[in-house]
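Quick look at protein.csv (CSV, C-alpha atoms):
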```
chain,number,residue,atom,x,y,z
H,450,MET,CA,24.2,-0.4,-14.0
H,451,LYS,CA,22.1,2.8,-14.5
H,452,ARG,CA,19.9,1.7,-11.6
H,453,ILE,CA,23.0,1.0,-9.4
H,454,ALA,CA,24.3,4.4,-10.3
H,455,ALA,CA,21.0,6.0,-9.3
H,456,LEU,CA,21.3,4.4,-5.9
H,457,GLY,CA,24.9,5.5,-5.7
H,458,ALA,CA,23.9,9.1,-6.6
H,459,LEU,CA,22.0,9.2,-3.3
H,460,LEU,CA,25.4,9.5,-1.6
H,461,CYS,CA,26.0,12.8,-3.3
H,462,LEU,CA,22.7,14.2,-2.2
H,463,SER,CA,23.0,13.6,1.5
H,464,SER,CA,24.7,15.3,4.4
H,465,CYS,CA,27.8,13.7,6.0
H,466,ALA,CA,25.6,12.4,8.8
H,467,SER,CA,23.5,10.4,6.2
H,468,LEU,CA,26.5,9.1,4.2
H,469,GLU,CA,26.9,6.1,6.5
H,470,TYR,CA,23.2,5.3,6.2
H,471,TYR,CA,23.1,5.5,2.4
H,472,ALA,CA,26.3,3.5,2.1
H,473,GLN,CA,24.8,0.6,4.1
H,474,ALA,CA,21.6,0.8,2.1
H,475,VAL,CA,23.4,0.5,-1.2
H,476,SER,CA,25.8,-2.2,-0.1
H,477,GLY,CA,23.1,-4.1,1.7
H,478,HIS,CA,20.8,-4.1,-1.4
H,479,LEU,CA,23.7,-5.1,-3.7
H,480,GLU,CA,24.5,-8.0,-1.4
H,481,VAL,CA,20.9,-9.2,-1.8
H,482,MET,CA,21.1,-8.9,-5.5
H,483,ARG,CA,24.4,-10.7,-5.7
H,484,ALA,CA,23.0,-13.6,-3.7
H,485,ALA,CA,20.0,-14.0,-6.1
H,486,VAL,CA,20.1,-16.8,-8.7
H,487,PRO,CA,17.3,-17.9,-11.0
H,488,ILE,CA,14.9,-20.4,-9.3
H,489,ASP,CA,15.2,-22.7,-12.3
H,490,GLU,CA,18.9,-23.0,-11.6
H,491,ARG,CA,18.3,-23.8,-7.9
H,492,LEU,CA,15.7,-26.4,-8.9
H,493,HIS,CA,18.3,-28.2,-11.1
H,494,ALA,CA,21.2,-27.8,-8.7
H,495,ALA,CA,22.3,-31.1,-7.0
H,496,ASP,CA,23.0,-29.4,-3.7
H,497,THR,CA,19.5,-27.9,-3.3
H,498,PRO,CA,17.6,-29.7,-0.5
H,499,ALA,CA,14.4,-31.5,-1.6
H,500,PRO,CA,12.2,-29.5,0.7
H,501,LEU,CA,13.6,-26.2,-0.7
H,502,LYS,CA,13.0,-27.4,-4.2
H,503,GLU,CA,9.4,-28.2,-3.4
H,504,ARG,CA,8.9,-24.7,-1.9
H,505,LEU,CA,10.6,-23.0,-4.9
H,506,GLN,CA,8.4,-24.9,-7.3
H,507,ARG,CA,5.3,-23.7,-5.5
H,508,VAL,CA,6.7,-20.1,-5.5
H,509,LEU,CA,6.7,-20.2,-9.3
H,510,VAL,CA,3.1,-21.3,-9.3
H,511,ILE,CA,2.3,-18.4,-7.0
H,512,ARG,CA,4.2,-16.0,-9.2
H,513,ASP,CA,2.4,-17.0,-12.3
H,514,PHE,CA,-1.0,-16.8,-10.5
H,515,ALA,CA,-0.1,-13.2,-9.4
H,516,SER,CA,0.2,-12.0,-13.0
H,517,ARG,CA,-2.4,-14.2,-14.6
H,518,GLU,CA,-5.2,-14.0,-12.0
H,519,LEU,CA,-4.4,-10.8,-10.1
H,520,ALA,CA,-3.1,-8.6,-13.0
H,521,LEU,CA,0.1,-7.8,-11.1
H,522,PRO,CA,3.2,-7.0,-13.0
H,523,ASP,CA,4.6,-9.8,-15.2
H,524,ASN,CA,8.4,-9.4,-14.9
H,525,ASP,CA,11.4,-11.1,-13.4
H,526,SER,CA,10.6,-10.2,-9.8
H,527,TYR,CA,10.2,-13.3,-7.6
H,528,ARG,CA,11.6,-15.6,-10.2
H,529,ARG,CA,15.0,-15.7,-8.5
H,530,TYR,CA,16.1,-16.9,-5.0
H,531,ALA,CA,18.6,-15.5,-2.5
H,532,ASP,CA,19.8,-17.2,0.6
H,533,LEU,CA,20.7,-14.4,3.1
H,534,GLY,CA,21.6,-16.5,6.1
H,535,ARG,CA,19.8,-14.3,8.5
H,536,PRO,CA,16.2,-14.1,9.9
H,537,PHE,CA,15.2,-10.8,8.2
H,538,VAL,CA,16.4,-8.9,5.2
H,539,VAL,CA,16.1,-5.5,6.8
H,540,TRP,CA,15.1,-4.0,10.2
H,541,ASN,CA,12.9,-0.9,10.1
H,542,VAL,CA,13.2,1.7,12.8
H,543,PHE,CA,10.0,3.7,13.6
H,544,ALA,CA,10.2,6.8,15.8
H,545,ALA,CA,7.6,9.2,17.2
H,546,PRO,CA,7.9,12.2,19.6
H,547,GLU,CA,7.3,11.6,23.3
H,548,PHE,CA,3.8,13.0,23.1
H,549,SER,CA,2.7,12.2,19.6
H,550,VAL,CA,1.5,9.2,17.6
H,551,THR,CA,2.6,10.7,14.3
H,552,PRO,CA,5.7,9.0,13.0
H,553,ILE,CA,8.9,11.0,12.3
H,554,SER,CA,9.5,10.7,8.6
H,555,SER,CA,12.7,10.0,6.7
H,556,CYS,CA,12.9,11.5,3.2
H,557,PHE,CA,14.9,10.1,0.3
H,558,PRO,CA,15.3,11.3,-3.3
H,559,ILE,CA,13.7,8.2,-4.9
H,560,ALA,CA,11.2,6.8,-2.4
H,561,GLY,CA,10.1,10.2,-1.0
H,562,CYS,CA,9.2,10.5,2.7
H,563,VAL,CA,8.5,7.3,4.6
H,564,SER,CA,7.5,6.7,8.2
H,565,TYR,CA,10.5,4.5,9.0
H,566,ARG,CA,14.2,4.0,8.2
H,567,GLY,CA,15.5,0.6,7.1
H,568,PHE,CA,18.8,-1.1,8.0
H,569,TYR,CA,20.4,-4.2,6.6
H,570,SER,CA,21.8,-5.2,10.0
H,571,GLU,CA,19.9,-5.4,13.3
H,572,GLU,CA,22.9,-3.8,15.1
H,573,GLY,CA,22.7,-0.7,12.8
H,574,ALA,CA,19.0,-0.5,13.4
H,575,ARG,CA,19.4,-0.7,17.2
H,576,ARG,CA,22.2,1.8,17.2
H,577,HIS,CA,20.0,4.3,15.3
H,578,ALA,CA,17.0,3.6,17.5
H,579,ASP,CA,19.2,4.2,20.7
H,580,ALA,CA,20.4,7.5,19.3
H,581,LEU,CA,16.7,8.6,18.7
H,582,ALA,CA,15.7,7.4,22.1
H,583,LYS,CA,18.5,9.5,23.8
H,584,GLU,CA,16.9,12.5,22.1
H,585,GLY,CA,13.6,11.7,23.8
H,586,ASP,CA,11.7,10.0,21.0
H,587,ASP,CA,9.8,6.7,21.3
H,588,VAL,CA,11.3,4.1,19.0
H,589,TYR,CA,10.2,0.7,17.7
H,590,VAL,CA,12.4,-1.7,15.7
H,591,GLY,CA,10.8,-4.5,13.6
H,592,GLY,CA,12.4,-7.1,11.4
H,593,VAL,CA,11.1,-7.3,7.8
H,594,SER,CA,11.2,-10.4,5.7
H,595,ALA,CA,10.7,-8.7,2.3
H,596,TYR,CA,10.7,-5.4,0.6
H,597,SER,CA,10.0,-3.9,-2.8
H,598,THR,CA,12.4,-1.9,-5.0
H,599,LEU,CA,9.3,-0.6,-6.9
H,600,GLY,CA,10.4,-2.2,-10.1
H,601,TRP,CA,13.9,-0.7,-10.2
H,602,PHE,CA,15.3,-4.2,-9.7
H,603,SER,CA,14.0,-7.8,-10.1
H,604,ASP,CA,13.1,-8.5,-6.4
H,605,PRO,CA,14.1,-12.0,-5.4
H,606,VAL,CA,12.3,-14.6,-3.3
H,607,LEU,CA,14.3,-14.6,0.0
H,608,SER,CA,15.3,-17.2,2.5
H,609,THR,CA,13.8,-14.9,5.1
H,610,PHE,CA,10.3,-16.0,4.1
H,611,ILE,CA,10.6,-19.1,1.9
H,612,GLN,CA,10.1,-21.3,5.0
H,613,TYR,CA,6.8,-19.7,5.9
H,614,PRO,CA,3.5,-21.5,5.3
H,615,GLU,CA,2.5,-21.4,1.6
H,616,PRO,CA,-0.4,-18.9,2.1
H,617,GLU,CA,2.0,-16.5,3.9
H,618,VAL,CA,4.5,-16.8,1.1
H,619,ALA,CA,1.8,-16.0,-1.4
H,620,ARG,CA,0.6,-13.0,0.7
H,621,ILE,CA,4.1,-11.5,0.7
H,622,VAL,CA,4.6,-11.9,-3.1
H,623,PHE,CA,1.2,-10.3,-3.8
H,624,HIS,CA,1.9,-7.4,-1.3
H,625,GLU,CA,5.3,-6.6,-2.7
H,626,LEU,CA,4.2,-6.8,-6.4
H,627,ALA,CA,1.4,-4.4,-5.5
H,628,HIS,CA,4.0,-1.8,-4.7
H,629,GLN,CA,5.2,-2.1,-8.3
H,630,GLU,CA,1.6,-1.5,-9.5
H,631,VAL,CA,1.0,1.7,-7.7
H,632,TYR,CA,3.3,3.8,-5.5
H,633,VAL,CA,2.8,7.4,-4.3
H,634,LYS,CA,6.0,9.1,-3.3
H,635,GLY,CA,5.9,10.2,0.2
H,636,ASP,CA,2.6,8.6,1.4
H,637,THR,CA,3.4,5.4,3.4
H,638,VAL,CA,-0.1,4.9,4.7
H,639,PHE,CA,-1.6,5.1,1.2
H,640,ASN,CA,1.0,2.7,-0.3
H,641,GLU,CA,0.9,0.1,2.5
H,642,SER,CA,-2.9,0.1,2.9
H,643,PHE,CA,-3.3,-0.4,-0.9
H,644,ALA,CA,-0.8,-3.3,-0.9
H,645,VAL,CA,-2.5,-4.9,2.1
H,646,THR,CA,-5.8,-4.8,0.3
H,647,VAL,CA,-4.3,-6.4,-2.7
H,648,GLU,CA,-2.6,-9.1,-0.6
H,649,GLU,CA,-5.9,-9.9,1.1
H,650,GLU,CA,-7.9,-10.2,-2.1
H,651,GLY,CA,-5.1,-12.1,-3.8
H,652,LEU,CA,-4.7,-14.6,-0.9
H,653,ARG,CA,-8.5,-15.1,-0.8
H,654,ARG,CA,-8.5,-16.0,-4.5
H,655,TRP,CA,-5.4,-18.1,-4.1
H,656,LEU,CA,-6.9,-20.2,-1.3
H,657,ASP,CA,-10.1,-20.6,-3.3
H,658,ARG,CA,-8.0,-22.0,-6.2
H,659,GLU,CA,-5.1,-23.8,-4.5
H,660,GLY,CA,-5.8,-24.0,-0.8
H,661,THR,CA,-6.8,-26.9,1.3
H,662,PRO,CA,-9.8,-26.8,3.6
H,663,ALA,CA,-7.4,-26.6,6.6
H,664,GLN,CA,-5.5,-23.6,5.0
H,665,ARG,CA,-8.8,-21.8,4.3
H,666,ASP,CA,-9.9,-22.3,7.9
H,667,ALA,CA,-6.6,-21.2,9.2
H,668,TYR,CA,-6.8,-18.1,7.0
H,669,VAL,CA,-10.2,-17.2,8.4
H,670,ASP,CA,-9.0,-17.5,11.9
H,671,SER,CA,-5.8,-15.6,11.2
H,672,ARG,CA,-7.7,-12.7,9.5
H,673,ARG,CA,-10.1,-12.4,12.4
H,674,ARG,CA,-7.2,-12.2,14.9
H,675,GLN,CA,-5.4,-9.7,12.8
H,676,ALA,CA,-8.5,-7.5,12.5
H,677,GLU,CA,-9.1,-7.7,16.2
H,678,PHE,CA,-5.5,-6.9,17.1
H,679,THR,CA,-5.4,-4.0,14.6
H,680,ALA,CA,-8.7,-2.6,15.9
H,681,LEU,CA,-7.2,-2.7,19.5
H,682,VAL,CA,-4.1,-0.8,18.4
H,683,LEU,CA,-6.0,1.8,16.4
H,684,LYS,CA,-8.4,2.3,19.3
H,685,TYR,CA,-5.6,3.1,21.6
H,686,ARG,CA,-3.8,5.2,19.0
H,687,ALA,CA,-6.9,7.4,18.9
H,688,ARG,CA,-7.3,7.5,22.7
H,689,ILE,CA,-3.7,8.4,23.2
H,690,ALA,CA,-3.7,11.1,20.5
H,691,ASP,CA,-6.7,12.7,22.1
H,692,PHE,CA,-5.0,12.6,25.5
H,693,TYR,CA,-1.8,14.2,24.2
H,694,ALA,CA,-3.9,17.1,22.8
H,695,GLN,CA,-5.0,18.1,26.3
H,696,PRO,CA,-3.4,21.1,27.9
H,697,LEU,CA,-1.5,19.2,30.6
H,698,SER,CA,2.0,19.4,32.0
H,699,SER,CA,4.7,17.0,30.7
H,700,GLU,CA,4.7,15.0,33.9
H,701,ALA,CA,0.9,14.6,33.8
H,702,LYS,CA,1.2,13.5,30.2
H,703,ARG,CA,3.9,11.0,31.1
H,704,GLU,CA,1.7,9.5,33.8
H,705,GLY,CA,-1.3,9.3,31.6
H,706,LYS,CA,0.7,7.8,28.9
H,707,ARG,CA,1.9,5.0,31.2
H,708,ARG,CA,-1.7,4.4,32.3
H,709,LEU,CA,-3.1,4.2,28.8
H,710,PHE,CA,-0.4,1.8,27.6
H,711,ALA,CA,-0.9,-0.4,30.7
H,712,GLU,CA,-4.6,-0.5,29.9
H,713,MET,CA,-3.7,-1.5,26.3
H,714,ASN,CA,-1.6,-4.4,27.6
H,715,ASP,CA,-4.4,-5.5,29.8
H,716,ASP,CA,-6.9,-5.4,26.9
H,717,TYR,CA,-4.4,-7.4,24.8
H,718,GLY,CA,-4.2,-10.0,27.4
H,719,THR,CA,-8.0,-10.3,27.4
H,720,LEU,CA,-8.0,-10.5,23.6
H,721,LYS,CA,-5.3,-13.2,23.6
H,722,ALA,CA,-7.4,-15.2,26.1
H,723,SER,CA,-10.3,-15.1,23.7
H,724,TRP,CA,-8.0,-16.6,21.0
H,725,GLY,CA,-7.3,-19.6,23.3
H,726,GLY,CA,-3.9,-18.3,24.2
H,727,PHE,CA,-2.7,-17.6,20.6
H,728,ALA,CA,0.5,-15.7,21.1
H,729,GLY,CA,1.5,-14.7,17.6
H,730,PHE,CA,1.5,-11.0,18.4
H,731,ASP,CA,3.5,-11.2,21.6
H,732,ARG,CA,6.8,-10.5,19.8
H,733,LEU,CA,5.4,-7.2,18.5
H,734,LEU,CA,4.8,-6.1,22.1
H,735,ALA,CA,7.9,-7.7,23.6
H,736,ARG,CA,9.6,-4.4,24.4
H,737,GLY,CA,6.3,-2.7,25.5
H,738,PRO,CA,4.0,-0.6,23.3
H,739,ASN,CA,4.8,3.0,22.7
H,740,ASN,CA,4.0,5.8,20.3
H,741,ALA,CA,6.3,4.5,17.6
H,742,PHE,CA,4.7,1.0,17.8
H,743,LEU,CA,1.3,2.5,17.3
H,744,ALA,CA,2.5,4.5,14.3
H,745,SER,CA,4.1,1.3,12.8
H,746,ILE,CA,0.7,-0.5,12.8
H,747,ALA,CA,-1.3,2.4,11.6
H,748,SER,CA,1.1,2.9,8.7
H,749,TYR,CA,0.1,-0.5,7.3
H,750,THR,CA,-3.6,-0.5,8.0
H,751,GLU,CA,-5.2,2.9,8.5
H,752,LEU,CA,-6.7,3.2,4.9
H,753,VAL,CA,-7.4,-0.5,4.3
H,754,PRO,CA,-11.2,-0.1,4.9
H,755,ALA,CA,-11.3,2.6,2.2
H,756,PHE,CA,-9.4,0.5,-0.3
H,757,ARG,CA,-11.7,-2.5,0.4
H,758,ALA,CA,-14.7,-0.2,-0.3
H,759,LEU,CA,-13.1,0.9,-3.6
H,760,LEU,CA,-12.5,-2.7,-4.6
H,761,ALA,CA,-16.1,-3.6,-3.8
H,762,GLN,CA,-17.2,-0.6,-5.8
H,763,LYS,CA,-15.3,-2.0,-8.8
H,764,LYS,CA,-17.0,-5.4,-8.1
H,765,GLY,CA,-13.7,-7.1,-7.6
H,766,ASP,CA,-12.4,-6.2,-11.0
H,767,LEU,CA,-8.7,-5.8,-10.1
H,768,PRO,CA,-7.5,-3.9,-13.3
H,769,ALA,CA,-10.3,-1.4,-12.8
H,770,PHE,CA,-9.4,-1.1,-9.1
H,771,TYR,CA,-5.7,-0.5,-9.9
H,772,GLN,CA,-6.7,2.2,-12.4
H,773,ALA,CA,-9.0,3.9,-9.8
H,774,VAL,CA,-6.1,3.8,-7.3
H,775,ARG,CA,-3.7,5.3,-10.0
H,776,ASP,CA,-6.3,8.1,-10.4
H,777,LEU,CA,-6.3,8.7,-6.7
H,778,ALA,CA,-2.5,8.8,-6.7
H,779,LYS,CA,-2.5,11.7,-9.1
H,780,LEU,CA,-4.4,13.9,-6.6
H,781,GLU,CA,-2.9,16.1,-3.9
H,782,LYS,CA,-2.8,14.3,-0.6
H,783,ALA,CA,-5.6,16.3,1.0
H,784,GLU,CA,-8.0,15.6,-1.8
H,785,ARG,CA,-6.8,11.9,-2.0
H,786,ASP,CA,-7.5,11.4,1.7
H,787,ALA,CA,-10.9,13.1,1.4
H,788,ARG,CA,-11.9,10.8,-1.4
H,789,LEU,CA,-10.8,7.7,0.6
H,790,ALA,CA,-12.7,8.9,3.7
H,791,SER,CA,-15.8,9.4,1.6
H,792,LEU,CA,-15.6,5.7,0.5
H,793,VAL,CA,-15.6,4.5,4.0
H,794,ALA,CA,-18.4,6.9,5.0
H,795,SER,CA,-20.6,5.7,2.1
```
How does the structure come out when it is put into structure tokens?
Amino acid sequence: MKRIAALGALLCLSSCASLEYYAQAVSGHLEVMRAAVPIDERLHAADTPAPLKERLQRVLVIRDFASRELALPDNDSYRRYADLGRPFVVWNVFAAPEFSVTPISSCFPIAGCVSYRGFYSEEGARRHADALAKEGDDVYVGGVSAYSTLGWFSDPVLSTFIQYPEPEVARIVFHELAHQEVYVKGDTVFNESFAVTVEEEGLRRWLDREGTPAQRDAYVDSRRRQAEFTALVLKYRARIADFYAQPLSSEAKREGKRRLFAEMNDDYGTLKASWGGFAGFDRLLARGPNNAFLASIASYTELVPAFRALLAQKKGDLPAFYQAVRDLAKLEKAERDARLASLVAS
């Protein structure tokens, strides 16, 4: 109840314009928590379909692996299940100015400043995105299958990802538990890049232990495509940022912006052809790439090479890696970023 009260206190700290947003955030999260029941109960319930029982049993194996083999928090998170009856738990809205690839931050008393704003209904997310677009910002809306409450609550396994292939379920559990291990208030790129690094290492170890040869091969292919797609996005993010920095008229920038994003689409088509037509990233580009889309990808990947280097420096010792990341988290952002940059450089 103290935790619920803390969420409710947010209502008293916000302007009238934010009251509606905080209200949907609190009620949306409480809806998720009310729907969650212990997995053991679902396993013994007569009305639980056999395929769901099998998946939930495997989730418990994944959950135990996360704490035993990856040194991630051993608590009640991901030991309960919630059926939400919708494809995503939240929809995140990213926004960036017309001539900038830097995301517009939203700041909150508990989580600090983040580069997106989450909504528990797609309609609410689209409405907020439309309002930002009318102000001239680029916007991007993406559905999210899971999120972390940073240990404030026992995060449940959700129907929004339980039907994914087992390695993907494991990846999500490892990623979200990583946020409970280390979280820096107000630094989205640091937090997400750290969690992605943990999920990668965790999934590699999980597949070594539990995966089939077909799953291992699929993971190698998936990681290669992900790396190539991310490299494409980050390359254009850098090119477009350099272009916006030029002393040009607004109309010239708009024309150059259209040209560069058209080139990016063409390069994506070439990349997709090299994958034999794999179209898994098409939905991300369905509404056309823009500044906000570039910012959304960068938020999750920009510092991953630095964290990989730090993990290698610790010879794969995850507890030592977590401690090194906690030490970085204590630094001011400028020094933290410099330390991470030096890891990549070396």
Show which residues sit within 7 Å of Tyr530 of chain H, as an MDAnalysis selection string. Count all atoms listed in the file, and ignore same-chain residues fewer than 5 positions away. chainID H and resid 485:488 605:607
Using the selection just defined, write its residues with C-alpha atoms as a compact mmCIF listing (two decimals), in the coordinates of the input.
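So the final result, stored in out-v8.txt, reads:
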```
# COMPACT_ATOMS: atom_id res chain seq x y z
CA ALA H 485 20.00 -14.00 -6.10
CA VAL H 486 20.10 -16.80 -8.70
CA PRO H 487 17.30 -17.90 -11.00
CA ILE H 488 14.90 -20.40 -9.30
CA PRO H 605 14.10 -12.00 -5.40
CA VAL H 606 12.30 -14.60 -3.30
CA LEU H 607 14.30 -14.60 0.00
```
Distance table requested - segment 660-770 of chain H against segment 511-521 of chain H, cut-off 10 Å, only C-alpha atoms: one row per qualifying residue with the closest atom pair and its distance in Å to one decimal, ordered by chain and rising residue number, as JSON lines.
```
{"residue": "H:Asp766", "atom": "CA", "partner": "H:Leu519", "partner_atom": "CA", "distance": 9.3}
{"residue": "H:Leu767", "atom": "CA", "partner": "H:Leu519", "partner_atom": "CA", "distance": 6.6}
{"residue": "H:Pro768", "atom": "CA", "partner": "H:Ala520", "partner_atom": "CA", "distance": 6.4}
```
Select, counting all atoms listed in the file, all protein, DNA and RNA residues no farther than 12 Å from (-5.6, -3.8, -2.5) in file coordinates, and express the selection as an MDAnalysis selection string. chainID H and resid 519:521 620 623:628 630:631 639:653 749:750 752:761 763 765:775
Give me, as an NGL selection string, all polymer residues having an atom no more than 12 Å from His493 of chain H, counting only C-alpha atoms and skipping those fewer than 5 positions away in the same chain. :H and (486-488 or 498-499 or 501-503 or 505-506)
Mind giving me the straight-line distance from atom CA of Ala744 of chain H to atom CA of Pro552 of chain H in Å, one decimal?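 Value for the atom CA of Ala744 of chain H-atom CA of Pro552 of chain H distance: 5.7 Å.
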Between H:Ala687, H:Ser608, H:Arg575, H:Phe548, which one has atoms that come closest to Ala701 of chain H, using only C-alpha atoms? H:Phe548
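Across H:Ser476, H:Arg785, H:Gly567, H:Ser549, the tightest approach to Arg688 of chain H is made by H:Ser549 when counting all atoms listed in the file.
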What is the distance between atom CA of Ala531 of chain H and atom CA of Tyr470 of chain H, in Å to one decimal? 23.0 Å
Identify, on the basis of all atoms listed in the file, every residue whose closest approach to Leu734 of chain H does not exceed 10 Å; exclude the query and any residue fewer than 5 positions from it along the same chain; express the result as a PyMOL selection string. chain H and resi 589+714+717+739+742
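Closest approach to Ser603 of chain H among H:Pro522, H:Gly737, H:Gly477, H:Gly705: H:Pro522, based on only C-alpha atoms.
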Of the candidates H:Ala722, H:Ala494, H:Val539, H:Ile553, which one gets nearest to His478 of chain H if we count all atoms listed in the file? H:Val539
Atomic separation - atom CA of Arg529 of chain H relative to atom CA of Asp657 of chain H, Å: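 So the two atoms, atom CA of Asp657 of chain H and atom CA of Arg529 of chain H, lie 26.1 Å apart.
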Residues within 9 Å of Leu533 of chain H, please, as a ChimeraX atom specification. Count only C-alpha atoms; anything in the same chain fewer than 3 positions from it doesn't count. /H:480-481,484,536-538,607-609
Output of the above residues as a PDB file, in the frame of the given file, restricted to C-alpha atoms:
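The new file selection.pdb reads:
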```pdb
ATOM      1  CA  GLU H 480      24.500  -8.000  -1.400  1.00  0.00           C
ATOM      2  CA  VAL H 481      20.900  -9.200  -1.800  1.00  0.00           C
ATOM      3  CA  ALA H 484      23.000 -13.600  -3.700  1.00  0.00           C
ATOM      4  CA  PRO H 536      16.200 -14.100   9.900  1.00  0.00           C
ATOM      5  CA  PHE H 537      15.200 -10.800   8.200  1.00  0.00           C
ATOM      6  CA  VAL H 538      16.400  -8.900   5.200  1.00  0.00           C
ATOM      7  CA  LEU H 607      14.300 -14.600   0.000  1.00  0.00           C
ATOM      8  CA  SER H 608      15.300 -17.200   2.500  1.00  0.00           C
ATOM      9  CA  THR H 609      13.800 -14.900   5.100  1.00  0.00           C
TER      10      THR H 609
END
```
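Excluding Arg504 of chain H itself and any same-chain residue fewer than 3 positions from it, the protein and nucleic acid residues within 9 Å of it, counting all atoms listed in the file, are H:Ala499, H:Pro500, H:Leu501, H:Arg507, H:Val508, H:Leu509, H:Ile611, H:Gln612, H:Glu615.
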When distances are computed from only C-alpha atoms, which of H:Pro614, H:Ser791, H:Gly725, H:Asp715 shows the smallest separation from Pro738 of chain H?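 Ranked by minimum distance to Pro738 of chain H, first place goes to H:Asp715.
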Top pick for closest residue to Tyr565 of chain H, considering H:Gly660, H:Leu479, H:Glu781, H:Ile746 and counting only C-alpha atoms: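 Using only C-alpha atoms, Tyr565 of chain H sits closest to H:Ile746.
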